[in-house]
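A.B. asks: Structure file final-v9.csv (CSV, C-alpha atoms) right here:
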```csv
chain,number,residue,atom,x,y,z
A,12,MET,CA,-9.9,-43.3,37.3
A,13,LEU,CA,-7.4,-40.5,37.0
A,14,ILE,CA,-6.0,-39.9,33.4
A,15,ARG,CA,-2.7,-38.1,33.2
A,16,ARG,CA,-1.6,-36.0,30.2
A,17,PRO,CA,1.7,-36.8,28.6
A,18,ALA,CA,4.6,-35.0,30.2
A,19,THR,CA,5.7,-33.8,26.8
A,20,ARG,CA,2.9,-31.2,26.5
A,21,LYS,CA,4.7,-28.4,28.3
A,22,PRO,CA,7.9,-28.5,26.1
A,23,LEU,CA,5.6,-28.6,23.0
A,24,LEU,CA,3.7,-25.5,24.2
A,25,ALA,CA,7.0,-23.7,24.9
A,26,TRP,CA,8.2,-24.4,21.4
A,27,ALA,CA,4.9,-23.3,19.9
A,28,GLY,CA,5.1,-20.1,22.0
A,29,LEU,CA,8.6,-19.4,20.8
A,30,TRP,CA,7.6,-20.0,17.2
A,31,LEU,CA,4.8,-17.5,17.5
A,32,LEU,CA,7.1,-14.9,19.0
A,33,LEU,CA,9.6,-15.3,16.2
A,34,GLN,CA,7.0,-14.9,13.4
A,35,PRO,CA,7.2,-11.1,13.3
A,36,ALA,CA,11.0,-11.3,13.2
A,37,CYS,CA,10.8,-13.7,10.3
A,38,LEU,CA,8.5,-11.4,8.4
A,39,TYR,CA,10.8,-8.4,8.9
A,40,ALA,CA,13.9,-10.5,8.0
A,41,THR,CA,12.4,-11.3,4.6
A,42,ALA,CA,11.0,-7.8,3.8
A,43,PRO,CA,12.5,-6.1,0.9
A,44,PRO,CA,14.2,-2.7,1.5
A,45,LEU,CA,12.6,0.3,-0.1
A,46,PRO,CA,14.2,1.1,-3.4
A,47,ARG,CA,16.3,4.3,-3.3
A,48,ASP,CA,17.5,4.7,-6.8
A,49,TRP,CA,14.5,4.1,-9.1
A,50,PRO,CA,13.6,6.9,-11.4
A,51,LEU,CA,10.4,9.0,-10.9
A,52,VAL,CA,7.6,8.1,-13.3
A,53,GLY,CA,5.2,10.8,-12.2
A,54,GLU,CA,4.0,12.9,-9.3
A,55,ALA,CA,0.8,14.8,-8.5
A,56,GLN,CA,-0.8,16.7,-5.7
A,57,LEU,CA,-4.2,15.6,-4.4
A,58,SER,CA,-6.3,18.5,-3.2
A,59,VAL,CA,-10.1,18.3,-2.5
A,60,LEU,CA,-11.8,21.6,-2.5
A,61,TRP,CA,-9.4,23.8,-0.4
A,62,TRP,CA,-7.8,20.9,1.5
A,63,ASP,CA,-4.4,19.6,0.5
A,64,ILE,CA,-4.5,15.8,1.2
A,65,TYR,CA,-1.2,14.4,-0.1
A,66,GLN,CA,1.6,14.6,-2.6
A,67,ALA,CA,1.9,11.3,-4.6
A,68,ARG,CA,4.9,10.0,-6.4
A,69,LEU,CA,5.4,6.8,-8.4
A,70,PHE,CA,8.7,5.1,-9.1
A,71,ARG,CA,9.7,2.0,-11.1
A,72,PRO,CA,12.9,0.4,-12.1
A,73,GLU,CA,14.6,1.7,-15.3
A,74,HIS,CA,13.8,-1.7,-17.0
A,75,GLY,CA,10.1,-1.5,-16.0
A,76,HIS,CA,7.7,-2.5,-18.7
A,77,ARG,CA,6.2,0.5,-20.5
A,78,ASN,CA,4.0,-1.4,-23.1
A,79,HIS,CA,1.1,-2.2,-20.7
A,80,SER,CA,-0.5,-0.9,-17.6
A,81,PRO,CA,2.3,0.4,-15.4
A,82,TRP,CA,1.0,-1.2,-12.2
A,83,GLU,CA,0.4,-4.8,-13.4
A,84,GLY,CA,3.0,-7.5,-12.9
A,85,GLN,CA,6.1,-5.4,-12.1
A,86,PRO,CA,7.8,-3.8,-9.1
A,87,LEU,CA,6.6,-0.3,-8.3
A,88,LEU,CA,6.9,2.1,-5.4
A,89,LEU,CA,4.0,4.5,-4.7
A,90,GLU,CA,4.7,7.2,-2.0
A,91,LEU,CA,2.1,9.4,-0.4
A,92,THR,CA,3.3,12.3,1.7
A,93,TYR,CA,0.4,13.4,3.8
A,94,GLN,CA,-0.4,17.1,4.2
A,95,ARG,CA,-2.9,16.7,7.0
A,96,ASP,CA,-3.7,14.4,9.9
A,97,ILE,CA,-5.9,11.4,8.9
A,98,SER,CA,-7.0,8.6,11.3
A,99,ALA,CA,-6.4,5.0,10.3
A,100,ASP,CA,-10.2,4.6,10.3
A,101,GLN,CA,-10.7,7.4,7.8
A,102,LEU,CA,-8.0,5.8,5.6
A,103,LEU,CA,-9.8,2.5,5.7
A,104,ARG,CA,-13.2,4.0,4.9
A,105,GLU,CA,-11.9,5.9,2.0
A,106,THR,CA,-9.8,2.9,0.7
A,107,GLU,CA,-12.9,0.7,0.9
A,108,SER,CA,-14.9,3.2,-1.2
A,109,GLN,CA,-12.1,3.7,-3.7
A,110,LEU,CA,-11.5,-0.1,-4.1
A,111,GLN,CA,-15.1,-0.8,-5.0
A,112,PRO,CA,-14.7,-0.4,-8.8
A,113,PHE,CA,-11.5,-2.5,-8.8
A,114,SER,CA,-12.4,-5.5,-6.5
A,115,SER,CA,-15.2,-7.7,-5.4
A,116,GLY,CA,-17.0,-7.5,-2.0
A,117,GLU,CA,-15.3,-10.8,-1.0
A,118,GLN,CA,-11.9,-9.4,-1.8
A,119,ARG,CA,-12.5,-6.2,0.2
A,120,ARG,CA,-13.8,-8.3,3.2
A,121,GLN,CA,-10.4,-10.2,3.1
A,122,TRP,CA,-8.2,-7.2,2.5
A,123,LEU,CA,-9.6,-4.5,4.8
A,124,PRO,CA,-9.0,-6.3,8.1
A,125,GLN,CA,-5.4,-6.9,7.0
A,126,LEU,CA,-5.0,-3.2,6.2
A,127,ALA,CA,-6.6,-2.3,9.6
A,128,ARG,CA,-3.9,-4.3,11.3
A,129,LEU,CA,-1.2,-2.6,9.3
A,130,TRP,CA,-2.0,1.1,9.0
A,131,PRO,CA,-1.4,3.7,11.6
A,132,ASP,CA,-3.0,7.1,12.0
A,133,VAL,CA,-1.1,9.5,9.7
A,134,HIS,CA,0.0,13.0,10.6
A,135,LYS,CA,1.0,16.0,8.5
A,136,GLY,CA,4.4,15.1,7.0
A,137,ASP,CA,4.1,11.3,7.3
A,138,ARG,CA,5.0,9.2,4.3
A,139,LEU,CA,3.1,6.0,3.5
A,140,SER,CA,4.8,3.8,0.9
A,141,LEU,CA,3.6,0.8,-1.0
A,142,PHE,CA,6.2,-1.4,-2.6
A,143,THR,CA,5.1,-4.1,-5.0
A,144,ASP,CA,7.6,-6.8,-5.6
A,145,ALA,CA,8.0,-9.0,-8.7
A,146,GLY,CA,6.1,-11.8,-7.0
A,147,GLY,CA,3.0,-9.6,-6.6
A,148,ALA,CA,3.2,-9.0,-2.9
A,149,ALA,CA,2.4,-5.5,-1.5
A,150,TRP,CA,4.6,-4.2,1.2
A,151,PHE,CA,3.6,-1.2,3.3
A,152,TYR,CA,6.0,1.2,5.0
A,153,ALA,CA,5.4,4.3,7.2
A,154,ASN,CA,8.3,6.8,7.1
A,155,GLY,CA,10.6,4.1,5.8
A,156,ASP,CA,9.7,1.5,8.5
A,157,LEU,CA,8.0,-1.7,7.5
A,158,LEU,CA,4.3,-2.0,8.5
A,159,GLY,CA,3.7,-5.4,6.9
A,160,SER,CA,2.5,-7.0,3.7
A,161,ILE,CA,-0.4,-8.5,1.8
A,162,SER,CA,0.6,-11.4,-0.3
A,163,ASP,CA,-2.7,-11.9,-2.3
A,164,PRO,CA,-1.5,-11.2,-6.0
A,165,ALA,CA,-4.9,-9.7,-6.8
A,166,PHE,CA,-4.5,-7.0,-4.1
A,167,ALA,CA,-1.6,-4.8,-5.5
A,168,PRO,CA,-3.2,-4.2,-9.0
A,169,ALA,CA,-6.6,-3.4,-7.4
A,170,PHE,CA,-5.1,-1.1,-4.8
A,171,LEU,CA,-2.8,0.7,-7.2
A,172,SER,CA,-5.8,1.2,-9.6
A,173,ILE,CA,-7.1,3.7,-7.0
A,174,TRP,CA,-4.2,6.0,-8.2
A,175,LEU,CA,-3.3,4.7,-11.6
A,176,ALA,CA,-6.3,3.5,-13.5
A,177,PRO,CA,-7.9,5.8,-16.1
A,178,GLU,CA,-11.3,5.2,-14.4
A,179,SER,CA,-10.0,6.2,-11.0
A,180,GLN,CA,-11.9,9.0,-9.1
A,181,PHE,CA,-9.1,11.4,-9.9
A,182,PRO,CA,-8.1,10.8,-13.6
A,183,GLU,CA,-5.8,13.8,-13.9
A,184,LEU,CA,-3.9,12.6,-10.9
A,185,ALA,CA,-3.7,9.1,-12.4
A,186,ARG,CA,-2.3,10.5,-15.7
A,187,ALA,CA,0.3,12.6,-13.9
A,188,LEU,CA,1.4,9.6,-11.8
A,189,ARG,CA,1.6,7.4,-14.9
A,190,GLY,CA,3.9,10.1,-16.4
A,191,GLU,CA,1.7,10.8,-19.4
A,192,HIS,CA,2.6,14.1,-21.1
A,193,SER,CA,-0.4,16.4,-20.9
A,194,SER,CA,-1.5,19.5,-19.0
A,195,ALA,CA,-2.5,17.1,-16.3
A,196,HIS,CA,1.2,16.3,-15.7
A,197,GLN,CA,1.3,19.3,-13.5
A,198,PRO,CA,0.3,18.8,-9.9
A,199,HIS,CA,-3.5,18.5,-9.4
A,200,GLN,CA,-4.8,22.0,-8.9
A,201,ARG,CA,-7.5,23.1,-6.5
A,202,PRO,CA,-10.7,24.3,-8.1
A,203,ASP,CA,-11.3,28.1,-8.0
A,204,THR,CA,-13.2,29.1,-4.9
```
As structure tokens, what does this structure read like?
C.D. replies:
Amino acid sequence: MLIRRPATRKPLLAWAGLWLLLQPACLYATAPPLPRDWPLVGEAQLSVLWWDIYQARLFRPEHGHRNHSPWEGQPLLLELTYQRDISADQLLRETESQLQPFSSGEQRRQWLPQLARLWPDVHKGDRLSLFTDAGGAAWFYANGDLLGSISDPAFAPAFLSIWLAPESQFPELARALRGEHSSAHQPHQRPDT
């Protein structure tokens, strides 16, 4: 006995294919533009031994909350301008290491594959930006072009803690980015060699 499939399957597959093709366009259509007029909160230079890694700058809206952690529950823009070539694999390995104090293993297992799909290799002069919106989503941009987003509301605070938390690996850099007035407000200096 021969069983025939319904004739409506091909149009259904065509619509499903069209829907999948339009998904990236829908993502980009809803992406927020990078803020251009927010005031600078702080900036710092990250240098490790004799290698300059990046210049970091943090921006937030004028009405941003200043009475609690500057990276929790409010829009922010973190820009890193790289001063050397770094592969996407190197960025991911370092990010995984830096995220450990601020996230669980399960969270990292969810987030790192998403970052791997988003992040490119960076070259000297490239600018990677992270914009966090009021809803808690994290939007990544490379040289002003959207890379994609991570919508998990736990991601942005954990990720920003790498640069802003007092217990980050580079506390002087974190103080400078938070705009705290101290000798650390100056760009991070290389150790004497």
A.B. asks: Work out how far CA of Glu117 (chain A) is from CA of Leu89 (chain A), in Å to one decimal.
C.D. replies: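 These two atoms are separated by 24.9 Å.
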A.B. asks: How many Å lie between CA of Pro46 (chain A) and CA of Asp96 (chain A), rounded to one decimal?
C.D. replies: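 Those two atoms sit 26.0 Å apart.
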A.B. asks: What does the structure give for the distance between CA of Leu175 (chain A) and CA of Trp150 (chain A), in Å to one decimal?
C.D. replies: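 Separation of CA of Leu175 (chain A) and CA of Trp150 (chain A): 17.5 Å.
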A.B. asks: Counting all atoms listed in the file, which of A:Ser114, A:Gln101, A:Ser162, A:Thr92 gets nearest to Arg68 (chain A)?
C.D. replies: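 Using all atoms listed in the file, the shortest distance to Arg68 (chain A) belongs to A:Thr92.
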A.B. asks: Considering only C-alpha atoms, state which residue in the set A:Ala169, A:Val59, A:Val133, A:Ala185 is at the smallest distance from Ser115 (chain A).
C.D. replies: A:Ala169
A.B. asks: Here is a test: counting only C-alpha atoms, which residue of A:Phe70, A:Trp49, A:Trp122, A:Phe142 is nearest to Thr106 (chain A)?
C.D. replies: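 Smallest separation from Thr106 (chain A) among the options: A:Trp122.
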A.B. asks: Here is a test: counting all atoms listed in the file, which residue of A:Ala149, A:Leu129, A:Leu87, A:Leu60 is nearest to Leu188 (chain A)?
C.D. replies: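 Among the listed residues, the smallest separation from Leu188 (chain A) belongs to A:Leu87.
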A.B. asks: Which of these residues is nearest to Glu107 (chain A), using all atoms listed in the file: A:Ser160, A:Gln85, A:Gln66, A:Gln121?
C.D. replies: A:Gln121
A.B. asks: Within 8 Å of Gly136 (chain A), counting all atoms listed in the file, which residues show up once you throw out same-chain ones fewer than 6 positions away? Write them as a list in words, please.
C.D. replies: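 Contacts, in chain order: Thr92, Tyr93, Gln94 and Arg95 of chain A.
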A.B. asks: Which is closest to Tyr152 (chain A) among A:Glu178, A:Asp132, A:Glu90, A:Glu105, if we use all atoms listed in the file?
C.D. replies: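 Checking each candidate against Tyr152 (chain A), we get A:Glu90 as the closest.
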A.B. asks: What's the 12 Å shell around Phe181 (chain A), counting only C-alpha atoms, without same-chain residues fewer than 4 positions away, as a list in words?
C.D. replies: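 Using only C-alpha atoms, the neighbours found are Ala55, Gln56, Leu57, Ser58, Val59, Gln109, Ser172, Ile173, Trp174, Leu175, Ala176, Pro177, Ala185, Arg186, Ala187, Leu188, Ala195, Pro198, His199 and Gln200 of chain A.
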A.B. asks: Counting all atoms listed in the file, what is within 12 Å of Ile161 (chain A), bar same-chain residues fewer than 2 positions away, as a count of residues only?
C.D. replies: 30
A.B. asks: Could you pull region 40-109 of chain A out of the structure I just pasted and write it to a file containing C-alpha atoms, as a PDB file, in the first residue's frame?
C.D. replies:
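Output (result19.pdb):
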```
ATOM      1  CA  ALA A  40      15.793  45.620  13.161  1.00  0.00           C
ATOM      2  CA  THR A  41      15.234  45.579  16.937  1.00  0.00           C
ATOM      3  CA  ALA A  42      18.831  46.239  17.975  1.00  0.00           C
ATOM      4  CA  PRO A  43      19.357  49.503  19.807  1.00  0.00           C
ATOM      5  CA  PRO A  44      21.756  51.999  18.271  1.00  0.00           C
ATOM      6  CA  LEU A  45      24.934  52.702  20.193  1.00  0.00           C
ATOM      7  CA  PRO A  46      24.525  55.797  22.354  1.00  0.00           C
ATOM      8  CA  ARG A  47      26.617  58.713  21.070  1.00  0.00           C
ATOM      9  CA  ASP A  48      25.958  61.409  23.658  1.00  0.00           C
ATOM     10  CA  TRP A  49      26.397  59.722  27.026  1.00  0.00           C
ATOM     11  CA  PRO A  50      28.983  61.226  29.366  1.00  0.00           C
ATOM     12  CA  LEU A  51      32.197  59.381  30.110  1.00  0.00           C
ATOM     13  CA  VAL A  52      32.262  57.796  33.573  1.00  0.00           C
ATOM     14  CA  GLY A  53      35.876  56.629  33.451  1.00  0.00           C
ATOM     15  CA  GLU A  54      38.647  55.311  31.269  1.00  0.00           C
ATOM     16  CA  ALA A  55      41.731  53.190  31.800  1.00  0.00           C
ATOM     17  CA  GLN A  56      44.566  51.524  29.947  1.00  0.00           C
ATOM     18  CA  LEU A  57      45.153  47.801  30.413  1.00  0.00           C
ATOM     19  CA  SER A  58      48.785  46.831  29.998  1.00  0.00           C
ATOM     20  CA  VAL A  59      50.203  43.494  31.088  1.00  0.00           C
ATOM     21  CA  LEU A  60      53.941  43.529  31.597  1.00  0.00           C
ATOM     22  CA  TRP A  61      55.164  45.413  28.516  1.00  0.00           C
ATOM     23  CA  TRP A  62      52.147  44.676  26.276  1.00  0.00           C
ATOM     24  CA  ASP A  63      49.411  47.256  25.804  1.00  0.00           C
ATOM     25  CA  ILE A  64      46.163  45.272  25.504  1.00  0.00           C
ATOM     26  CA  TYR A  65      43.339  47.819  25.227  1.00  0.00           C
ATOM     27  CA  GLN A  66      42.024  51.215  26.218  1.00  0.00           C
ATOM     28  CA  ALA A  67      38.712  50.876  28.101  1.00  0.00           C
ATOM     29  CA  ARG A  68      36.017  53.532  28.472  1.00  0.00           C
ATOM     30  CA  LEU A  69      32.708  53.372  30.350  1.00  0.00           C
ATOM     31  CA  PHE A  70      29.702  55.579  29.548  1.00  0.00           C
ATOM     32  CA  ARG A  71      26.257  55.872  31.110  1.00  0.00           C
ATOM     33  CA  PRO A  72      23.321  58.232  30.706  1.00  0.00           C
ATOM     34  CA  GLU A  73      23.322  61.454  32.714  1.00  0.00           C
ATOM     35  CA  HIS A  74      20.431  60.162  34.798  1.00  0.00           C
ATOM     36  CA  GLY A  75      22.251  56.899  35.611  1.00  0.00           C
ATOM     37  CA  HIS A  76      22.013  55.686  39.183  1.00  0.00           C
ATOM     38  CA  ARG A  77      25.068  56.508  41.237  1.00  0.00           C
ATOM     39  CA  ASN A  78      23.916  55.117  44.576  1.00  0.00           C
ATOM     40  CA  HIS A  79      24.680  51.441  43.824  1.00  0.00           C
ATOM     41  CA  SER A  80      26.935  49.337  41.671  1.00  0.00           C
ATOM     42  CA  PRO A  81      27.282  51.201  38.372  1.00  0.00           C
ATOM     43  CA  TRP A  82      26.806  48.090  36.267  1.00  0.00           C
ATOM     44  CA  GLU A  83      23.666  46.594  37.793  1.00  0.00           C
ATOM     45  CA  GLY A  84      20.202  47.294  36.448  1.00  0.00           C
ATOM     46  CA  GLN A  85      20.889  50.269  34.216  1.00  0.00           C
ATOM     47  CA  PRO A  86      22.004  51.025  30.681  1.00  0.00           C
ATOM     48  CA  LEU A  87      25.771  51.227  30.178  1.00  0.00           C
ATOM     49  CA  LEU A  88      28.234  51.295  27.326  1.00  0.00           C
ATOM     50  CA  LEU A  89      31.670  49.711  27.724  1.00  0.00           C
ATOM     51  CA  GLU A  90      34.117  50.248  24.859  1.00  0.00           C
ATOM     52  CA  LEU A  91      37.415  48.417  24.469  1.00  0.00           C
ATOM     53  CA  THR A  92      39.800  49.690  21.803  1.00  0.00           C
ATOM     54  CA  TYR A  93      42.365  46.975  21.181  1.00  0.00           C
ATOM     55  CA  GLN A  94      46.039  47.791  20.821  1.00  0.00           C
ATOM     56  CA  ARG A  95      47.106  44.398  19.555  1.00  0.00           C
ATOM     57  CA  ASP A  96      45.733  41.512  17.500  1.00  0.00           C
ATOM     58  CA  ILE A  97      43.839  38.909  19.539  1.00  0.00           C
ATOM     59  CA  SER A  98      42.042  35.868  18.134  1.00  0.00           C
ATOM     60  CA  ALA A  99      38.434  35.139  19.040  1.00  0.00           C
ATOM     61  CA  ASP A 100      39.649  31.923  20.702  1.00  0.00           C
ATOM     62  CA  GLN A 101      42.025  33.895  22.934  1.00  0.00           C
ATOM     63  CA  LEU A 102      39.222  36.312  23.851  1.00  0.00           C
ATOM     64  CA  LEU A 103      36.954  33.411  24.782  1.00  0.00           C
ATOM     65  CA  ARG A 104      39.590  31.653  26.898  1.00  0.00           C
ATOM     66  CA  GLU A 105      40.400  34.835  28.795  1.00  0.00           C
ATOM     67  CA  THR A 106      36.714  35.678  29.217  1.00  0.00           C
ATOM     68  CA  GLU A 107      36.009  32.224  30.623  1.00  0.00           C
ATOM     69  CA  SER A 108      38.816  32.651  33.124  1.00  0.00           C
ATOM     70  CA  GLN A 109      37.743  36.164  34.107  1.00  0.00           C
TER      71      GLN A 109
END
```
